[in-house]
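Student: Here you go, this is my_file.json (JSON, C-alpha atoms (C1' of nucleotides)).
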```
[["chain", "number", "residue", "atom", "x", "y", "z"],
["A", 268, "MET", "CA", -52.46, 181.71, -27.75],
["A", 269, "PRO", "CA", -51.71, 185.43, -27.57],
["A", 270, "ILE", "CA", -49.10, 186.97, -29.78],
["A", 271, "ALA", "CA", -45.70, 187.67, -28.28],
["A", 272, "THR", "CA", -45.36, 191.22, -27.01],
["A", 273, "ARG", "CA", -42.17, 193.23, -27.00],
["A", 274, "VAL", "CA", -41.43, 192.33, -23.40],
["A", 275, "ASP", "CA", -42.01, 188.67, -24.16],
["A", 276, "ARG", "CA", -39.47, 188.77, -26.95],
["A", 277, "VAL", "CA", -37.03, 190.61, -24.69],
["A", 278, "PHE", "CA", -37.26, 187.97, -21.98],
["A", 279, "ASP", "CA", -37.09, 185.15, -24.50],
["A", 280, "ALA", "CA", -33.96, 186.70, -25.99],
["A", 281, "LEU", "CA", -32.29, 187.28, -22.64],
["A", 282, "GLY", "CA", -33.23, 183.80, -21.50],
["A", 283, "ASP", "CA", -30.14, 182.32, -23.13],
["A", 284, "PRO", "CA", -26.72, 182.64, -21.43],
["A", 285, "THR", "CA", -24.78, 182.99, -24.68],
["A", 286, "ARG", "CA", -27.16, 185.69, -25.85],
["A", 287, "ARG", "CA", -26.70, 187.53, -22.58],
["A", 288, "ALA", "CA", -22.92, 187.34, -23.08],
["A", 289, "VAL", "CA", -23.29, 188.82, -26.56],
["A", 290, "PHE", "CA", -25.51, 191.56, -25.22],
["A", 291, "ARG", "CA", -23.07, 192.32, -22.42],
["A", 292, "ARG", "CA", -20.22, 192.71, -24.91],
["A", 293, "LEU", "CA", -22.20, 195.30, -26.77],
["A", 294, "ARG", "CA", -22.58, 197.33, -23.61],
["A", 295, "LYS", "CA", -19.02, 198.63, -23.98],
["A", 296, "GLY", "CA", -19.69, 200.02, -27.44],
["A", 297, "ASN", "CA", -20.38, 199.00, -31.03],
["A", 298, "ARG", "CA", -18.77, 195.83, -32.28],
["A", 299, "SER", "CA", -18.57, 193.89, -35.52],
["A", 300, "VAL", "CA", -19.72, 190.27, -35.64],
["A", 301, "ARG", "CA", -16.18, 188.95, -35.66],
["A", 302, "GLU", "CA", -15.17, 191.15, -32.76],
["A", 303, "ILE", "CA", -18.11, 189.82, -30.78],
["A", 304, "ALA", "CA", -17.36, 186.21, -31.65],
["A", 305, "GLU", "CA", -13.67, 186.61, -30.78],
["A", 306, "GLY", "CA", -12.77, 184.95, -27.49],
["A", 307, "MET", "CA", -16.20, 183.37, -27.19],
["A", 308, "ASN", "CA", -16.59, 179.61, -27.16],
["A", 309, "VAL", "CA", -19.12, 179.50, -29.98],
["A", 310, "SER", "CA", -18.65, 179.93, -33.70],
["A", 311, "ARG", "CA", -19.24, 183.13, -35.63],
["A", 312, "PRO", "CA", -22.45, 181.85, -37.33],
["A", 313, "ALA", "CA", -23.82, 181.03, -33.89],
["A", 314, "VAL", "CA", -23.18, 184.61, -32.83],
["A", 315, "SER", "CA", -24.84, 185.81, -36.02],
["A", 316, "GLN", "CA", -27.96, 183.82, -35.20],
["A", 317, "HIS", "CA", -28.04, 185.18, -31.67],
["A", 318, "LEU", "CA", -27.70, 188.70, -32.99],
["A", 319, "LYS", "CA", -30.73, 188.07, -35.16],
["A", 320, "VAL", "CA", -32.82, 187.12, -32.12],
["A", 321, "LEU", "CA", -31.56, 190.08, -30.09],
["A", 322, "LYS", "CA", -32.38, 192.38, -32.97],
["A", 323, "GLY", "CA", -35.85, 190.85, -33.28],
["A", 324, "ALA", "CA", -36.43, 191.67, -29.64],
["A", 325, "GLY", "CA", -35.36, 195.25, -30.24],
["A", 326, "LEU", "CA", -32.43, 194.89, -27.85],
["A", 327, "ILE", "CA", -29.79, 195.83, -30.38],
["A", 328, "ALA", "CA", -29.49, 197.78, -33.62],
["A", 329, "VAL", "CA", -27.18, 197.54, -36.62],
["A", 330, "ARG", "CA", -25.24, 200.18, -38.49],
["A", 331, "ILE", "CA", -23.76, 198.97, -41.74],
["A", 332, "ASP", "CA", -20.29, 200.26, -42.53],
["A", 333, "GLY", "CA", -19.21, 198.78, -45.84],
["A", 334, "ALA", "CA", -18.87, 195.05, -45.38],
["A", 335, "ARG", "CA", -18.84, 195.40, -41.60],
["A", 336, "HIS", "CA", -22.06, 195.28, -39.61],
["A", 337, "LEU", "CA", -21.66, 197.20, -36.41],
["A", 338, "TYR", "CA", -23.99, 196.13, -33.64],
["A", 339, "GLY", "CA", -24.87, 198.18, -30.59],
["A", 340, "VAL", "CA", -27.46, 198.15, -27.81],
["A", 341, "ASP", "CA", -30.76, 199.83, -28.48],
["A", 342, "PRO", "CA", -31.45, 202.08, -25.49],
["A", 343, "SER", "CA", -35.20, 201.80, -26.03],
["A", 344, "ALA", "CA", -35.02, 198.20, -24.84],
["A", 345, "ILE", "CA", -33.94, 199.33, -21.41],
["A", 346, "GLU", "CA", -36.97, 201.58, -21.41],
["A", 347, "VAL", "CA", -39.25, 198.65, -22.22],
["A", 348, "LEU", "CA", -37.85, 196.59, -19.37],
["A", 349, "ARG", "CA", -38.14, 199.47, -16.94],
["A", 350, "ASN", "CA", -41.76, 200.10, -17.86],
["A", 351, "TRP", "CA", -42.59, 196.42, -17.45],
["A", 352, "LEU", "CA", -40.87, 196.44, -14.09],
["A", 353, "ASP", "CA", -42.79, 199.50, -12.91],
["A", 354, "GLY", "CA", -46.11, 198.06, -14.05],
["A", 355, "PHE", "CA", -45.43, 194.75, -12.39],
["A", 356, "TRP", "CA", -44.37, 196.42, -9.21],
["A", 357, "ASP", "CA", -47.52, 198.53, -9.11],
["A", 358, "GLY", "CA", -49.72, 195.50, -9.67],
["A", 359, "THR", "CA", -48.00, 193.62, -6.89],
["A", 360, "LEU", "CA", -48.32, 196.52, -4.51],
["A", 361, "THR", "CA", -52.05, 196.96, -5.11],
["A", 362, "ALA", "CA", -52.48, 193.22, -4.64],
["A", 363, "PHE", "CA", -50.65, 193.45, -1.33],
["A", 364, "LYS", "CA", -52.83, 196.35, -0.29],
["A", 365, "ALA", "CA", -56.01, 194.48, -1.24],
["A", 366, "ALA", "CA", -54.85, 191.41, 0.67],
["A", 367, "ALA", "CA", -54.09, 193.56, 3.70],
["A", 368, "GLU", "CA", -57.55, 195.13, 3.59],
["A", 369, "GLU", "CA", -59.11, 191.70, 3.29],
["A", 370, "GLU", "CA", -57.23, 190.66, 6.42],
["A", 371, "GLN", "CA", -58.48, 193.78, 8.13],
["A", 372, "LYS", "CA", -62.10, 192.89, 7.34],
["A", 373, "LYS", "CA", -61.60, 189.45, 8.81],
["A", 374, "MET", "CA", -60.32, 190.98, 12.01],
["A", 375, "GLU", "CA", -63.37, 193.22, 12.31],
["A", 376, "ARG", "CA", -65.80, 190.32, 12.17],
["B", 29, "MET", "CA", -17.42, 179.12, -17.01],
["B", 30, "PRO", "CA", -18.60, 181.47, -14.26],
["B", 31, "ILE", "CA", -21.26, 180.39, -11.85],
["B", 32, "ALA", "CA", -24.78, 181.61, -12.46],
["B", 33, "THR", "CA", -25.52, 184.82, -10.61],
["B", 34, "ARG", "CA", -28.87, 185.83, -9.24],
["B", 35, "VAL", "CA", -29.69, 187.91, -12.31],
["B", 36, "ASP", "CA", -28.73, 185.01, -14.56],
["B", 37, "ARG", "CA", -31.15, 182.74, -12.75],
["B", 38, "VAL", "CA", -33.84, 185.39, -12.95],
["B", 39, "PHE", "CA", -33.47, 185.76, -16.71],
["B", 40, "ASP", "CA", -33.27, 182.01, -17.21],
["B", 41, "ALA", "CA", -36.45, 181.60, -15.20],
["B", 42, "LEU", "CA", -38.34, 184.35, -17.02],
["B", 43, "GLY", "CA", -37.10, 183.06, -20.35],
["B", 44, "ASP", "CA", -39.95, 180.57, -20.56],
["B", 45, "PRO", "CA", -43.46, 181.77, -21.57],
["B", 46, "THR", "CA", -45.28, 179.34, -19.30],
["B", 47, "ARG", "CA", -43.15, 180.41, -16.36],
["B", 48, "ARG", "CA", -43.90, 184.04, -17.13],
["B", 49, "ALA", "CA", -47.61, 183.18, -17.13],
["B", 50, "VAL", "CA", -47.26, 181.54, -13.72],
["B", 51, "PHE", "CA", -45.36, 184.53, -12.39],
["B", 52, "ARG", "CA", -47.98, 186.91, -13.77],
["B", 53, "ARG", "CA", -50.74, 185.01, -12.01],
["B", 54, "LEU", "CA", -48.95, 185.46, -8.71],
["B", 55, "ARG", "CA", -48.91, 189.19, -9.22],
["B", 56, "LYS", "CA", -52.53, 189.41, -8.15],
["B", 57, "GLY", "CA", -51.88, 187.75, -4.81],
["B", 58, "ASN", "CA", -50.93, 184.44, -3.23],
["B", 59, "ARG", "CA", -52.18, 181.28, -4.89],
["B", 60, "SER", "CA", -52.07, 177.54, -4.28],
["B", 61, "VAL", "CA", -50.56, 175.23, -6.89],
["B", 62, "ARG", "CA", -53.96, 174.03, -8.06],
["B", 63, "GLU", "CA", -55.28, 177.56, -8.32],
["B", 64, "ILE", "CA", -52.32, 178.49, -10.47],
["B", 65, "ALA", "CA", -52.67, 175.45, -12.70],
["B", 66, "GLU", "CA", -56.41, 176.01, -13.14],
["B", 67, "GLY", "CA", -57.26, 177.36, -16.58],
["B", 68, "MET", "CA", -53.74, 176.89, -17.82],
["B", 69, "ASN", "CA", -52.96, 174.53, -20.68],
["B", 70, "VAL", "CA", -50.33, 172.56, -18.80],
["B", 71, "SER", "CA", -50.70, 169.95, -16.08],
["B", 72, "ARG", "CA", -50.36, 170.58, -12.35],
["B", 73, "PRO", "CA", -46.97, 168.79, -12.07],
["B", 74, "ALA", "CA", -45.66, 171.00, -14.86],
["B", 75, "VAL", "CA", -46.69, 174.04, -12.85],
["B", 76, "SER", "CA", -45.03, 172.54, -9.80],
["B", 77, "GLN", "CA", -41.76, 172.19, -11.69],
["B", 78, "HIS", "CA", -41.96, 175.74, -12.94],
["B", 79, "LEU", "CA", -42.59, 176.98, -9.41],
["B", 80, "LYS", "CA", -39.41, 175.22, -8.34],
["B", 81, "VAL", "CA", -37.38, 177.11, -10.93],
["B", 82, "LEU", "CA", -39.00, 180.44, -10.08],
["B", 83, "LYS", "CA", -38.28, 179.83, -6.41],
["B", 84, "GLY", "CA", -34.69, 178.92, -7.21],
["B", 85, "ALA", "CA", -34.34, 182.27, -8.94],
["B", 86, "GLY", "CA", -35.73, 184.03, -5.90],
["B", 87, "LEU", "CA", -38.70, 185.33, -7.85],
["B", 88, "ILE", "CA", -41.31, 183.76, -5.60],
["B", 89, "ALA", "CA", -41.66, 182.52, -2.05],
["B", 90, "VAL", "CA", -43.81, 179.88, -0.36],
["B", 91, "ARG", "CA", -45.92, 179.98, 2.74],
["B", 92, "ILE", "CA", -47.17, 176.57, 3.88],
["B", 93, "ASP", "CA", -50.71, 176.48, 5.21],
["B", 94, "GLY", "CA", -51.52, 172.91, 6.18],
["B", 95, "ALA", "CA", -51.54, 170.84, 3.02],
["B", 96, "ARG", "CA", -51.72, 173.95, 0.85],
["B", 97, "HIS", "CA", -48.58, 175.67, -0.40],
["B", 98, "LEU", "CA", -49.28, 179.32, -1.03],
["B", 99, "TYR", "CA", -46.97, 180.93, -3.53],
["B", 100, "GLY", "CA", -46.42, 184.65, -3.92],
["B", 101, "VAL", "CA", -43.96, 186.99, -5.62],
["B", 102, "ASP", "CA", -40.78, 187.87, -3.75],
["B", 103, "PRO", "CA", -40.45, 191.67, -3.94],
["B", 104, "SER", "CA", -36.66, 191.44, -3.65],
["B", 105, "ALA", "CA", -36.58, 189.99, -7.17],
["B", 106, "ILE", "CA", -37.91, 193.24, -8.57],
["B", 107, "GLU", "CA", -35.08, 194.98, -6.75],
["B", 108, "VAL", "CA", -32.51, 192.68, -8.34],
["B", 109, "LEU", "CA", -33.83, 193.37, -11.82],
["B", 110, "ARG", "CA", -33.94, 197.09, -11.21],
["B", 111, "ASN", "CA", -30.34, 197.16, -9.98],
["B", 112, "TRP", "CA", -29.20, 195.17, -12.98],
["B", 113, "LEU", "CA", -31.05, 197.57, -15.24],
["B", 114, "ASP", "CA", -29.47, 200.61, -13.59],
["B", 115, "GLY", "CA", -25.99, 199.11, -13.80],
["B", 116, "PHE", "CA", -26.42, 198.15, -17.42],
["B", 117, "TRP", "CA", -27.73, 201.58, -18.27],
["B", 118, "ASP", "CA", -24.78, 203.28, -16.58],
["B", 119, "GLY", "CA", -22.30, 201.09, -18.43],
["B", 120, "THR", "CA", -23.96, 201.82, -21.74],
["B", 121, "LEU", "CA", -24.00, 205.54, -21.07],
["B", 122, "THR", "CA", -20.29, 205.68, -20.20],
["B", 123, "ALA", "CA", -19.56, 203.65, -23.33],
["B", 124, "PHE", "CA", -21.51, 206.16, -25.38],
["B", 125, "LYS", "CA", -19.64, 209.00, -23.76],
["B", 126, "ALA", "CA", -16.28, 207.32, -24.42],
["B", 127, "ALA", "CA", -17.23, 206.72, -28.04],
["B", 128, "ALA", "CA", -18.25, 210.35, -28.40],
["B", 129, "GLU", "CA", -14.95, 211.53, -26.97],
["B", 130, "GLU", "CA", -13.08, 209.24, -29.32],
["B", 131, "GLU", "CA", -14.95, 210.79, -32.21],
["B", 132, "GLN", "CA", -14.03, 214.21, -30.89],
["B", 133, "LYS", "CA", -10.33, 213.31, -30.85],
["B", 134, "LYS", "CA", -10.56, 212.18, -34.45],
["B", 135, "MET", "CA", -12.04, 215.51, -35.43],
["B", 136, "GLU", "CA", -9.21, 217.41, -33.72],
["B", 137, "ARG", "CA", -6.51, 215.61, -35.66],
["C", 249, "DT", "C1'", -10.68, 190.38, -62.94],
["C", 250, "DA", "C1'", -9.26, 187.79, -59.32],
["C", 251, "DC", "C1'", -8.35, 187.82, -54.24],
["C", 252, "DT", "C1'", -9.53, 188.66, -49.51],
["C", 253, "DA", "C1'", -12.28, 190.40, -46.27],
["C", 254, "DT", "C1'", -16.98, 190.86, -44.38],
["C", 255, "DG", "C1'", -21.42, 188.39, -42.53],
["C", 256, "DG", "C1'", -25.96, 186.14, -43.31],
["C", 257, "DT", "C1'", -28.33, 181.65, -44.22],
["C", 258, "DA", "C1'", -29.36, 176.48, -44.94],
["C", 259, "DA", "C1'", -29.14, 171.85, -43.43],
["C", 260, "DG", "C1'", -28.38, 168.65, -40.08],
["C", 261, "DT", "C1'", -27.21, 167.19, -35.40],
["C", 262, "DA", "C1'", -27.08, 167.11, -30.65],
["C", 263, "DT", "C1'", -28.28, 168.78, -26.39],
["C", 264, "DA", "C1'", -31.38, 170.77, -23.27],
["C", 265, "DA", "C1'", -35.71, 171.27, -21.19],
["C", 266, "DA", "C1'", -40.76, 171.30, -21.04],
["C", 267, "DC", "C1'", -44.34, 168.14, -20.52],
["C", 268, "DT", "C1'", -46.92, 163.95, -19.43],
["C", 269, "DT", "C1'", -48.35, 159.95, -16.52],
["C", 270, "DA", "C1'", -47.62, 157.47, -12.48],
["C", 271, "DC", "C1'", -46.37, 157.31, -7.93],
["C", 272, "DC", "C1'", -45.45, 158.77, -3.27],
["C", 273, "DG", "C1'", -45.90, 161.16, 1.32],
["C", 274, "DG", "C1'", -48.21, 164.45, 4.41],
["C", 275, "DA", "C1'", -52.54, 166.95, 6.25],
["C", 276, "DA", "C1'", -57.52, 167.27, 7.30],
["C", 277, "DG", "C1'", -62.13, 165.14, 8.04],
["C", 278, "DG", "C1'", -65.30, 161.16, 8.29],
["D", 214, "DC", "C1'", -58.19, 153.70, 10.20],
["D", 215, "DC", "C1'", -60.01, 155.01, 5.64],
["D", 216, "DT", "C1'", -60.78, 158.47, 2.44],
["D", 217, "DT", "C1'", -59.72, 162.60, 0.23],
["D", 218, "DC", "C1'", -57.75, 166.41, -0.42],
["D", 219, "DC", "C1'", -53.02, 168.64, -1.14],
["D", 220, "DG", "C1'", -48.40, 168.93, -3.75],
["D", 221, "DG", "C1'", -43.65, 167.34, -4.80],
["D", 222, "DT", "C1'", -40.83, 163.97, -7.50],
["D", 223, "DA", "C1'", -39.25, 160.15, -10.87],
["D", 224, "DA", "C1'", -39.10, 158.28, -15.37],
["D", 225, "DG", "C1'", -39.67, 158.74, -19.99],
["D", 226, "DT", "C1'", -40.97, 161.11, -24.26],
["D", 227, "DT", "C1'", -41.19, 164.78, -27.18],
["D", 228, "DT", "C1'", -40.28, 169.12, -28.68],
["D", 229, "DA", "C1'", -37.53, 173.12, -29.08],
["D", 230, "DT", "C1'", -33.27, 175.28, -29.91],
["D", 231, "DA", "C1'", -28.35, 176.10, -29.77],
["D", 232, "DC", "C1'", -24.62, 174.71, -32.44],
["D", 233, "DT", "C1'", -21.63, 173.21, -36.27],
["D", 234, "DT", "C1'", -20.04, 172.95, -41.10],
["D", 235, "DA", "C1'", -20.75, 174.35, -45.64],
["D", 236, "DC", "C1'", -22.16, 177.55, -48.82],
["D", 237, "DC", "C1'", -23.36, 182.04, -50.85],
["D", 238, "DA", "C1'", -23.59, 187.15, -51.50],
["D", 239, "DT", "C1'", -21.52, 191.62, -51.03],
["D", 240, "DA", "C1'", -17.63, 195.11, -50.33],
["D", 241, "DG", "C1'", -13.18, 196.61, -50.76],
["D", 242, "DT", "C1'", -8.46, 196.07, -52.98],
["D", 243, "DA", "C1'", -4.43, 194.74, -55.96]]
```
Transcribe the structure of this file into structure tokens.
Tutor:
Amino acid sequence: MPIATRVDRVFDALGDPTRRAVFRRLRKGNRSVREIAEGMNVSRPAVSQHLKVLKGAGLIAVRIDGARHLYGVDPSAIEVLRNWLDGFWDGTLTAFKAAAEEEQKKMER
Amino acid sequence: MPIATRVDRVFDALGDPTRRAVFRRLRKGNRSVREIAEGMNVSRPAVSQHLKVLKGAGLIAVRIDGARHLYGVDPSAIEVLRNWLDGFWDGTLTAFKAAAEEEQKKMER
DNA sequence: TACTATGGTAAGTATAAACTTACCGGAAGG
DNA sequence: CCTTCCGGTAAGTTTATACTTACCATAGTA
């Protein structure tokens, strides 16, 4: 069993709807835990636990301001996703090209 | 509770490690269900169920060849993810800009 | 020193979902 | 036909995890 890479943790974190909602709220700027939990249909501790997972995936970062913990998105996460996307896309394209060439060989026979 | 969008289904689908493994296998070209299941530590029906979810998310597509069902990645899914990424990035940037301007106003007071 | 905020964590529950075995129907070859 | 591949689906179990309440620590304030 291979260890979980950064991208794995990102996808695991974003795999939960509530966690995506939390992440989306942070898109508009830094928020405290209570501000995030406000208007959401889960309790504050639940939000706190989700924040922990998101932070573990490197999707968000914290800045401590007294007793308030201000959470915000970590732009590097977007970079990670984009790189994964590019790599995947390249792999798929080369596979398509290889398959096309294989078809071509069949035609020549 | 809003209905699940395409991106939601994509993230839900890619939220599972086994499903990511299946999707990664398809990157190298089209495969039958048995080929996908081969060498994996889950049973063939499990793979079949995962394929259903991936298909529901629009990540893969099927081409039926007799009794064999050949699965392959749906390139449009990559597009969906990329668009989501771009949109998210834009939103975050404007939020950053707004926050910066707010800071500026504070300084001017 | 209280008193009131903040938020993280532990323990337990409850729900979701991943997995297995067993079964079924369709396609190809004898 | 009969046999043998193929793969989807149902039923049930088991495991993971999202959630709640309760509790604790820290920071600011009267």
Student: Fit chain A to chain B, all Cα atoms paired in order, least squares. Then write it as a compact mmCIF listing (two decimals) with C-alpha atoms, in the coordinates of the input.
Tutor:
```txt
# COMPACT_ATOMS: atom_id res chain seq x y z
CA MET A 268 -17.50 178.74 -16.93
CA PRO A 269 -18.61 181.21 -14.27
CA ILE A 270 -21.27 180.29 -11.79
CA ALA A 271 -24.78 181.56 -12.40
CA THR A 272 -25.51 184.78 -10.56
CA ARG A 273 -28.88 185.80 -9.20
CA VAL A 274 -29.67 187.87 -12.26
CA ASP A 275 -28.71 184.98 -14.51
CA ARG A 276 -31.13 182.70 -12.74
CA VAL A 277 -33.83 185.38 -12.94
CA PHE A 278 -33.45 185.74 -16.69
CA ASP A 279 -33.25 182.00 -17.19
CA ALA A 280 -36.45 181.58 -15.20
CA LEU A 281 -38.30 184.34 -17.02
CA GLY A 282 -37.07 183.04 -20.35
CA ASP A 283 -39.94 180.56 -20.56
CA PRO A 284 -43.44 181.74 -21.59
CA THR A 285 -45.27 179.32 -19.30
CA ARG A 286 -43.12 180.40 -16.38
CA ARG A 287 -43.89 184.02 -17.14
CA ALA A 288 -47.61 183.17 -17.14
CA VAL A 289 -47.25 181.53 -13.73
CA PHE A 290 -45.36 184.52 -12.43
CA ARG A 291 -47.97 186.90 -13.79
CA ARG A 292 -50.74 185.01 -12.01
CA LEU A 293 -48.95 185.45 -8.74
CA ARG A 294 -48.89 189.20 -9.25
CA LYS A 295 -52.54 189.43 -8.20
CA GLY A 296 -51.88 187.77 -4.86
CA ASN A 297 -50.95 184.45 -3.26
CA ARG A 298 -52.20 181.31 -4.92
CA SER A 299 -52.08 177.58 -4.28
CA VAL A 300 -50.58 175.26 -6.89
CA ARG A 301 -53.97 174.06 -8.05
CA GLU A 302 -55.31 177.58 -8.32
CA ILE A 303 -52.33 178.50 -10.48
CA ALA A 304 -52.69 175.44 -12.68
CA GLU A 305 -56.43 176.01 -13.12
CA GLY A 306 -57.30 177.35 -16.56
CA MET A 307 -53.74 176.87 -17.79
CA ASN A 308 -52.99 174.50 -20.64
CA VAL A 309 -50.36 172.53 -18.76
CA SER A 310 -50.72 169.94 -16.03
CA ARG A 311 -50.37 170.60 -12.32
CA PRO A 312 -46.99 168.79 -12.03
CA ALA A 313 -45.68 170.99 -14.83
CA VAL A 314 -46.70 174.05 -12.84
CA SER A 315 -45.04 172.56 -9.77
CA GLN A 316 -41.78 172.18 -11.66
CA HIS A 317 -41.97 175.75 -12.93
CA LEU A 318 -42.60 176.99 -9.42
CA LYS A 319 -39.44 175.22 -8.34
CA VAL A 320 -37.39 177.10 -10.94
CA LEU A 321 -39.01 180.44 -10.08
CA LYS A 322 -38.30 179.82 -6.42
CA GLY A 323 -34.69 178.91 -7.21
CA ALA A 324 -34.33 182.26 -8.94
CA GLY A 325 -35.72 184.02 -5.89
CA LEU A 326 -38.69 185.32 -7.86
CA ILE A 327 -41.31 183.77 -5.62
CA ALA A 328 -41.67 182.55 -2.05
CA VAL A 329 -43.83 179.90 -0.39
CA ARG A 330 -45.94 180.01 2.73
CA ILE A 331 -47.17 176.63 3.86
CA ASP A 332 -50.71 176.55 5.19
CA GLY A 333 -51.52 172.98 6.17
CA ALA A 334 -51.51 170.89 3.03
CA ARG A 335 -51.72 173.97 0.83
CA HIS A 336 -48.59 175.70 -0.40
CA LEU A 337 -49.29 179.33 -1.05
CA TYR A 338 -46.98 180.95 -3.55
CA GLY A 339 -46.42 184.67 -3.95
CA VAL A 340 -43.95 187.00 -5.66
CA ASP A 341 -40.81 187.88 -3.79
CA PRO A 342 -40.46 191.66 -4.00
CA SER A 343 -36.68 191.42 -3.68
CA ALA A 344 -36.56 189.98 -7.19
CA ILE A 345 -37.87 193.21 -8.62
CA GLU A 346 -35.08 194.94 -6.77
CA VAL A 347 -32.50 192.65 -8.35
CA LEU A 348 -33.80 193.35 -11.84
CA ARG A 349 -33.89 197.07 -11.23
CA ASN A 350 -30.31 197.12 -9.98
CA TRP A 351 -29.15 195.13 -12.99
CA LEU A 352 -30.99 197.53 -15.25
CA ASP A 353 -29.42 200.58 -13.61
CA GLY A 354 -25.94 199.09 -13.79
CA PHE A 355 -26.36 198.15 -17.41
CA TRP A 356 -27.70 201.54 -18.27
CA ASP A 357 -24.77 203.27 -16.59
CA GLY A 358 -22.27 201.09 -18.41
CA THR A 359 -23.91 201.82 -21.73
CA LEU A 360 -23.96 205.53 -21.07
CA THR A 361 -20.27 205.70 -20.17
CA ALA A 362 -19.50 203.68 -23.28
CA PHE A 363 -21.47 206.17 -25.35
CA LYS A 364 -19.63 209.03 -23.73
CA ALA A 365 -16.24 207.40 -24.38
CA ALA A 366 -17.17 206.75 -28.00
CA ALA A 367 -18.26 210.37 -28.38
CA GLU A 368 -14.96 211.62 -26.96
CA GLU A 369 -13.07 209.32 -29.28
CA GLU A 370 -14.96 210.85 -32.20
CA GLN A 371 -14.09 214.27 -30.89
CA LYS A 372 -10.37 213.44 -30.88
CA LYS A 373 -10.59 212.28 -34.46
CA MET A 374 -12.14 215.57 -35.45
CA GLU A 375 -9.33 217.53 -33.81
CA ARG A 376 -6.63 215.78 -35.79
```
Student: Tell me, as a ChimeraX atom specification, which residues lie within 12 Å of DA240 of chain D, counting all atoms listed in the file; anything in the same chain fewer than 4 positions away does not count.
Tutor: /A:331-336 /C:252-255
Student: What are the residues of chain B lining chain A at 10 Å or less? Count only C-alpha atoms, and put the answer as a PyMOL selection string.
Tutor: chain B and resi 32+36-45+48+52+54-58+100-103+106-107+109-110+113-114+116-127
Student: Please list, as a PyMOL selection string, the residues that have an atom at most 9 Å away from (-6.4, 196.0, -52.3) in the coordinates of this file, counting only C-alpha atoms (C1' of nucleotides).
Tutor: (chain C and resi 251-252) or (chain D and resi 241-243)
Student: What's around segment 263-269 of chain C at 10 Å? Count all atoms listed in the file, leave out sequence neighbours fewer than 2 positions away in its own chain, and write the answer as a PDB file with C-alpha atoms (C1' of nucleotides), in the coordinates of the input.
Tutor:
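File part-v8.pdb, as written:
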```
ATOM      1  CA  ASP B  44     -39.950 180.570 -20.560  1.00  0.00           C
ATOM      2  CA  THR B  46     -45.280 179.340 -19.300  1.00  0.00           C
ATOM      3  CA  VAL B  70     -50.330 172.560 -18.800  1.00  0.00           C
ATOM      4  CA  SER B  71     -50.700 169.950 -16.080  1.00  0.00           C
ATOM      5  CA  PRO B  73     -46.970 168.790 -12.070  1.00  0.00           C
ATOM      6  CA  ALA B  74     -45.660 171.000 -14.860  1.00  0.00           C
ATOM      7  CA  VAL B  75     -46.690 174.040 -12.850  1.00  0.00           C
ATOM      8  CA  GLN B  77     -41.760 172.190 -11.690  1.00  0.00           C
ATOM      9  CA  HIS B  78     -41.960 175.740 -12.940  1.00  0.00           C
TER      10      HIS B  78
ATOM     11  C1'  DT C 261     -27.210 167.190 -35.400  1.00  0.00           C
ATOM     12  C1'  DC C 271     -46.370 157.310  -7.930  1.00  0.00           C
TER      13       DC C 271
ATOM     14  C1'  DA D 224     -39.100 158.280 -15.370  1.00  0.00           C
ATOM     15  C1'  DG D 225     -39.670 158.740 -19.990  1.00  0.00           C
ATOM     16  C1'  DT D 226     -40.970 161.110 -24.260  1.00  0.00           C
ATOM     17  C1'  DT D 227     -41.190 164.780 -27.180  1.00  0.00           C
ATOM     18  C1'  DT D 228     -40.280 169.120 -28.680  1.00  0.00           C
ATOM     19  C1'  DA D 229     -37.530 173.120 -29.080  1.00  0.00           C
ATOM     20  C1'  DT D 230     -33.270 175.280 -29.910  1.00  0.00           C
ATOM     21  C1'  DA D 231     -28.350 176.100 -29.770  1.00  0.00           C
ATOM     22  C1'  DC D 232     -24.620 174.710 -32.440  1.00  0.00           C
TER      23       DC D 232
END
```
Student: Please, what distance in Å, to one decimal, runs between atom C1' of DA235 of chain D and atom CA of Val300 of chain A?
Tutor: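 Separating atom C1' of DA235 of chain D from atom CA of Val300 of chain A is a distance of 18.8 Å.
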Student: How would you write as an mmCIF file with C-alpha atoms (C1' of nucleotides), in the coordinates of the input the residues that get within 10 Å of (-40.7, 158.3, -7.2) in the file's frame, counting all atoms listed in the file?
Tutor:
```cif
data_model
loop_
_atom_site.group_PDB
_atom_site.id
_atom_site.type_symbol
_atom_site.label_atom_id
_atom_site.label_comp_id
_atom_site.auth_asym_id
_atom_site.auth_seq_id
_atom_site.Cartn_x
_atom_site.Cartn_y
_atom_site.Cartn_z
ATOM 1 C "C1'" DA C 270 -47.620 157.470 -12.480
ATOM 2 C "C1'" DC C 271 -46.370 157.310 -7.930
ATOM 3 C "C1'" DC C 272 -45.450 158.770 -3.270
ATOM 4 C "C1'" DG D 221 -43.650 167.340 -4.800
ATOM 5 C "C1'" DT D 222 -40.830 163.970 -7.500
ATOM 6 C "C1'" DA D 223 -39.250 160.150 -10.870
ATOM 7 C "C1'" DA D 224 -39.100 158.280 -15.370
#
```
Student: Between atom CA of Val320 of chain A and atom CA of Thr33 of chain B, what is the distance, to one decimal in Å?
Tutor: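 These two atoms are separated by 22.8 Å.
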Student: Residues of chain D within 9 Å of chain B, using all atoms listed in the file, as a list in words?
Tutor: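 In the required form, that comes to DC218, DC219, DG220 and DG221 of chain D.
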Student: Can I get the selection written as a compact mmCIF listing (two decimals), in the frame of the given file, with C-alpha atoms (C1' of nucleotides)?
Tutor:
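Wrote result37.txt, looks like this:
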```
# COMPACT_ATOMS: atom_id res chain seq x y z
C1' DC D 218 -57.75 166.41 -0.42
C1' DC D 219 -53.02 168.64 -1.14
C1' DG D 220 -48.40 168.93 -3.75
C1' DG D 221 -43.65 167.34 -4.80
```
